[in-house]
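Next comes structure.cif, with mmCIF, C-alpha atoms.
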data_final
#
loop_
_atom_site.label_atom_id
_atom_site.label_comp_id
_atom_site.auth_asym_id
_atom_site.auth_seq_id
_atom_site.Cartn_x
_atom_site.Cartn_y
_atom_site.Cartn_z
CA GLN A 1 -8.23 -14.72 43.52
CA GLU A 2 -9.98 -11.87 41.73
CA ALA A 3 -7.04 -11.68 39.30
CA SER A 4 -7.25 -15.39 38.51
CA GLN A 5 -11.00 -15.13 38.04
CA PHE A 6 -10.49 -12.19 35.67
CA ARG A 7 -7.96 -14.27 33.73
CA ARG A 8 -10.46 -17.11 33.41
CA VAL A 9 -13.11 -14.72 32.11
CA CYS A 10 -10.65 -13.27 29.58
CA GLY A 11 -9.68 -16.80 28.54
CA LYS A 12 -13.31 -17.74 27.93
CA VAL A 13 -13.81 -14.59 25.88
CA LEU A 14 -10.75 -15.32 23.72
CA GLN A 15 -11.66 -18.97 23.18
CA SER A 16 -15.30 -18.33 22.32
CA SER A 17 -16.39 -18.89 18.74
CA VAL A 18 -17.91 -15.40 18.62
CA THR A 19 -14.57 -13.77 19.41
CA GLU A 20 -12.71 -15.93 16.90
CA SER A 21 -15.24 -15.12 14.19
CA PHE A 22 -15.09 -11.42 15.02
CA VAL A 23 -11.28 -11.39 14.88
CA ALA A 24 -11.41 -13.23 11.55
CA MET A 25 -13.78 -10.61 10.13
CA VAL A 26 -11.56 -7.79 11.39
CA ILE A 27 -8.52 -9.41 9.76
CA LEU A 28 -10.32 -9.77 6.44
CA PHE A 29 -11.70 -6.24 6.63
CA ASN A 30 -8.24 -4.85 7.42
CA PHE A 31 -6.87 -6.83 4.47
CA LEU A 32 -9.51 -5.24 2.22
CA LEU A 33 -8.61 -1.75 3.48
CA ILE A 34 -4.92 -2.36 2.78
CA CYS A 35 -5.76 -3.46 -0.77
CA MET A 36 -7.89 -0.35 -1.33
CA GLU A 37 -5.18 1.90 0.11
CA THR A 38 -2.50 0.28 -2.04
CA ASP A 39 -4.60 0.72 -5.19
CA GLY A 40 -5.24 4.36 -4.28
CA GLN A 41 -1.54 5.04 -3.83
CA ALA A 42 -0.70 3.38 -7.13
CA GLU A 43 -3.12 5.70 -8.96
CA ARG A 44 -1.41 8.84 -7.59
CA PRO A 45 1.73 10.06 -9.36
CA ASP A 46 3.43 11.26 -6.17
CA ARG A 47 3.16 8.20 -3.90
CA SER A 48 5.59 9.51 -1.29
CA SER A 49 3.23 12.32 -0.25
CA SER A 50 -0.11 10.60 -0.85
CA GLU A 51 -2.38 9.87 2.08
CA PRO A 52 -5.35 7.51 2.20
CA PRO A 53 -8.86 8.97 2.62
CA ALA A 54 -9.86 10.00 6.12
CA TRP A 55 -12.53 7.31 6.38
CA ALA A 56 -10.04 4.59 5.40
CA SER A 57 -7.52 5.83 7.98
CA ASP A 58 -10.22 5.85 10.67
CA LEU A 59 -11.31 2.30 9.85
CA MET A 60 -7.70 1.08 9.86
CA ASP A 61 -7.26 2.75 13.26
CA VAL A 62 -10.28 0.84 14.54
CA CYS A 63 -8.84 -2.43 13.21
CA TYR A 64 -5.51 -1.69 14.88
CA LEU A 65 -7.30 -0.96 18.15
CA CYS A 66 -9.02 -4.36 17.90
CA PHE A 67 -5.63 -6.01 17.41
CA VAL A 68 -4.24 -4.19 20.46
CA VAL A 69 -7.19 -5.23 22.63
CA GLU A 70 -6.88 -8.85 21.50
CA LEU A 71 -3.15 -8.87 22.22
CA GLY A 72 -3.74 -7.29 25.63
CA LEU A 73 -6.21 -10.03 26.55
CA ARG A 74 -3.75 -12.69 25.39
CA ILE A 75 -1.02 -11.17 27.54
CA ILE A 76 -3.35 -11.28 30.56
CA VAL A 77 -4.37 -14.89 29.91
CA GLU A 78 -1.14 -16.47 28.68
CA GLN A 79 1.46 -14.30 30.44
CA ARG A 80 4.84 -16.03 29.98
CA ARG A 81 3.32 -18.67 27.75
CA LEU A 82 2.83 -15.91 25.21
CA LEU A 83 6.45 -16.31 24.09
CA LYS A 84 5.86 -20.00 23.30
CA SER A 85 3.07 -19.34 20.78
CA ARG A 86 4.09 -18.39 17.25
CA TRP A 87 0.76 -16.71 16.56
CA SER A 88 1.05 -14.61 19.73
CA ILE A 89 4.59 -13.57 18.81
CA MET A 90 3.37 -12.63 15.36
CA ASP A 91 0.52 -10.59 16.85
CA PHE A 92 2.95 -8.81 19.15
CA THR A 93 5.28 -8.03 16.22
CA MET A 94 2.42 -6.64 14.13
CA VAL A 95 1.22 -4.42 16.99
CA VAL A 96 4.75 -3.08 17.59
CA LEU A 97 5.18 -2.34 13.87
CA GLY A 98 1.82 -0.58 13.83
CA LEU A 99 2.85 1.49 16.85
CA PHE A 100 6.09 2.41 15.07
CA GLU A 101 4.06 3.53 12.07
CA TYR A 102 1.85 5.74 14.23
CA LEU A 103 4.89 7.26 15.93
CA LEU A 104 6.33 8.16 12.54
CA LYS A 105 3.00 9.66 11.53
CA TRP A 106 2.65 11.74 14.72
CA PHE A 107 6.22 12.87 15.39
CA GLY A 108 7.96 12.40 12.05
CA SER A 109 5.81 14.50 9.76
CA GLY A 110 8.90 16.39 8.63
CA LEU A 111 10.76 13.21 7.80
CA THR A 112 9.77 12.74 4.21
CA GLY A 113 12.86 10.81 3.16
CA LEU A 114 12.44 7.78 0.97
CA GLY A 115 13.86 5.44 3.64
CA ILE A 116 11.23 6.48 6.21
CA VAL A 117 8.45 6.04 3.66
CA ARG A 118 9.69 2.54 2.84
CA VAL A 119 9.79 1.61 6.52
CA VAL A 120 6.19 2.77 6.99
CA ARG A 121 4.98 0.89 3.93
CA LEU A 122 6.87 -2.21 4.99
CA GLY A 123 5.01 -2.11 8.30
CA ARG A 124 1.71 -1.88 6.44
CA LEU A 125 2.55 -4.78 4.16
CA LEU A 126 3.61 -6.96 7.08
CA ARG A 127 0.11 -6.62 8.47
CA LEU A 128 -0.96 -8.95 5.68
CA VAL A 129 0.75 -11.76 7.57
CA ARG A 130 -2.17 -11.65 10.00
CA VAL A 131 -4.32 -13.19 7.27
CA LEU A 132 -2.44 -16.43 7.96
CA LYS A 133 -4.16 -16.53 11.33
CA LEU A 134 -7.36 -17.44 9.52
CA PHE A 135 -5.80 -20.86 8.95
CA SER A 136 -5.99 -21.60 12.67
CA ILE A 137 -9.53 -20.27 13.07
CA PHE A 138 -11.41 -22.17 10.36
CA LYS A 139 -10.90 -25.92 10.68
CA GLU A 140 -11.70 -26.73 7.06
CA LEU A 141 -9.25 -24.09 5.79
CA ARG A 142 -6.55 -25.33 8.18
CA ARG A 143 -6.99 -28.90 6.99
CA LEU A 144 -6.79 -27.77 3.37
CA ILE A 145 -3.53 -25.93 4.02
CA GLN A 146 -2.13 -28.95 5.87
CA MET A 147 -2.97 -31.24 2.95
CA MET A 148 -1.37 -28.79 0.51
CA GLY A 149 1.73 -28.63 2.70
CA SER A 150 2.05 -32.41 2.71
CA CYS A 151 2.08 -32.36 -1.11
CA PHE A 152 4.85 -29.75 -1.46
CA LYS A 153 7.67 -32.28 -1.26
CA THR A 154 6.12 -34.45 -3.97
CA LEU A 155 5.40 -31.41 -6.14
CA PHE A 156 8.99 -30.20 -5.75
CA TRP A 157 10.50 -33.47 -6.96
CA SER A 158 7.91 -33.66 -9.75
CA LEU A 159 8.96 -30.19 -10.91
CA PHE A 160 12.62 -31.22 -10.69
CA LEU A 161 11.96 -34.32 -12.81
CA LEU A 162 9.98 -32.25 -15.32
CA LEU A 163 12.82 -29.73 -15.66
CA LEU A 164 15.35 -32.54 -16.04
CA VAL A 165 13.38 -34.19 -18.86
CA MET A 166 12.66 -30.89 -20.59
CA THR A 167 16.30 -29.80 -20.37
CA THR A 168 17.40 -33.10 -21.90
CA TRP A 169 15.09 -32.58 -24.85
CA ALA A 170 16.11 -28.92 -25.02
CA VAL A 171 19.74 -29.93 -25.55
CA ILE A 172 18.68 -32.30 -28.32
CA ALA A 173 16.51 -29.60 -29.89
CA VAL A 174 19.36 -27.08 -29.91
CA GLU A 175 21.63 -29.60 -31.64
CA LEU A 176 19.14 -30.94 -34.21
CA ILE A 177 16.27 -28.47 -34.64
CA ASN A 178 17.98 -25.12 -34.27
CA PRO A 179 20.04 -25.35 -37.51
CA LYS A 180 16.89 -26.03 -39.52
CA VAL A 181 15.09 -23.19 -37.75
CA GLN A 182 17.88 -20.79 -38.64
CA GLU A 183 17.70 -21.89 -42.29
CA LEU A 184 13.96 -21.28 -42.41
CA ALA A 185 14.35 -17.91 -40.70
CA ALA A 186 17.01 -16.88 -43.20
CA ALA A 187 14.66 -17.88 -46.03
CA GLY A 188 12.08 -15.43 -44.66
CA TYR A 189 9.49 -17.86 -43.32
CA TRP A 190 9.01 -15.97 -40.01
CA GLU A 191 9.35 -12.32 -40.92
CA GLY A 192 6.68 -11.21 -38.44
CA CYS A 193 7.86 -13.41 -35.58
CA ASP A 194 10.93 -12.19 -33.71
CA ARG A 195 11.00 -15.11 -31.31
CA CYS A 196 10.69 -17.86 -33.91
CA ARG A 197 14.32 -17.43 -34.95
CA ARG A 198 15.57 -17.86 -31.38
CA SER A 199 13.01 -20.42 -30.21
CA PHE A 200 15.71 -23.13 -30.08
CA SER A 201 18.83 -20.95 -30.15
CA SER A 202 19.85 -21.89 -26.58
CA THR A 203 18.98 -24.41 -23.92
CA PHE A 204 17.04 -21.78 -22.00
CA ASP A 205 15.06 -20.68 -25.06
CA ALA A 206 14.33 -24.30 -25.97
CA ASN A 207 13.14 -24.96 -22.41
CA LEU A 208 10.91 -21.89 -22.61
CA THR A 209 9.49 -23.03 -25.95
CA PHE A 210 8.73 -26.52 -24.64
CA PHE A 211 7.13 -25.12 -21.49
CA GLN A 212 5.00 -22.69 -23.50
CA THR A 213 3.73 -25.29 -25.97
CA VAL A 214 3.70 -28.57 -24.01
CA VAL A 215 3.08 -27.57 -20.37
CA ALA A 216 1.12 -24.33 -20.81
CA GLY A 217 -0.57 -25.51 -24.02
CA ASP A 218 -0.04 -22.21 -25.81
CA SER A 219 0.07 -21.87 -29.62
CA TRP A 220 -1.12 -25.35 -30.49
CA GLY A 221 -1.87 -24.16 -33.98
#
Structure encoded using structure tokens:
Amino acid sequence: QEASQFRRVCGKVLQSSVTESFVAMVILFNFLLICMETDGQAERPDRSSSEPPAWASDLMDVCYLCFVVELGLRIIVEQRRLLKSRWSIMDFTMVVLGLFEYLLKWFGSGLTGLGIVRVVRLGRLLRLVRVLKLFSIFKELRRLIQMMGSCFKTLFWSLFLLLLVMTTWAVIAVELINPKVQELAAAGYWEGCDRCRRSFSSTFDANLTFFQTVVAGDSWG
């Protein structure tokens, strides 16, 4: 009875708006730390041996501890139902990957091979998947993503139709416009433009030219 009461208390804590908002802020803060760490590594010439600042590592450790505590509470509340929730499985995967990263850091300091470094960085990048959990926390954001998802099928077929029409005109342009373009290029009209000569030299180049001028609206004169 005490165990079931403890589970109910943990369930209320997890389902409270304060906890959800706190977890959302931790996810966003962890995302910001990963961005700062990635930028710092990119600025160093030797990325394989670079380490983030001590304060950034400490804050990322705190974020990871929050993720572990949240997952522990979910295991207590959901138990076997944990395996039926995609978000819970994702949380479990992220915690295991983070644990693997810490094990490499603690016991694999001498393993400086490129493969180990890539595994560690892959674990850090996969933490970004936790940002998707924000979609289930904020109702307005979740509805926006759902509406965007319902439009993907229409957008896909619209893109397919656009490519079909553009490719048709690209074939016509290669047959009719390209010979004239080559004559003008040979006469020296586009000496400072390397791409002008090959703007309609192939179907791909013609498609790229149409997309750049018609769809993107670039170089309208």
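The residues returned by the PyMOL selection byres ((chain A and resi 185) around 12) on the shown structure are Asn178, Pro179, Lys180, Val181, Gln182, Glu183, Leu184, Ala186, Ala187, Gly188, Tyr189, Trp190, Glu191, Gly192, Cys193, Asp194, Arg195, Cys196, Arg197, Arg198, Ser199, Phe200 and Ser201 of chain A.
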Go through A:Val215, A:Val13, A:Leu33, A:Ala3 one by one, measure the shortest atom-to-atom distance of each to Glu70 of chain A using all atoms listed in the file, and give the residue with the smallest value.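 Ranking A:Val215, A:Val13, A:Leu33, A:Ala3 by distance to Glu70 of chain A, first place goes to A:Val13.
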One decimal, in Å: what's the spacing between atom CA of Leu161 of chain A and atom CA of Leu144 of chain A? 25.6 Å
Translate the PyMOL selection byres ((chain A and resi 173) around 10), as applied to the file shown, into an explicit residue set as JSON, numbers by chain. {"A": [167, 168, 169, 170, 171, 172, 174, 175, 176, 177, 178, 179, 199, 200, 201, 202, 203, 206, 207, 210]}
Nearest-residue call for Leu32 of chain A, choices A:Cys63, A:Cys10, A:Ser4, A:Leu83, using all atoms listed in the file: A:Cys63
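The space between atom CA of Arg7 of chain A and atom CA of Ile76 of chain A spans 6.3 Å.
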Counting all atoms listed in the file, figure out which residue out of A:Val26, A:Leu73, A:Val18, A:Met36 gets nearest to Phe92 of chain A. A:Leu73
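You will find atom CA of Gln15 of chain A at 15.7 Å from atom CA of Gln79 of chain A.
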Can you work out which one of A:Asp39, A:Val62, A:Gln5, A:Val23 has the shortest atom-to-atom distance to Asp91 of chain A, counting all atoms listed in the file?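 Nearest candidate to Asp91 of chain A out of A:Asp39, A:Val62, A:Gln5, A:Val23: A:Val23.
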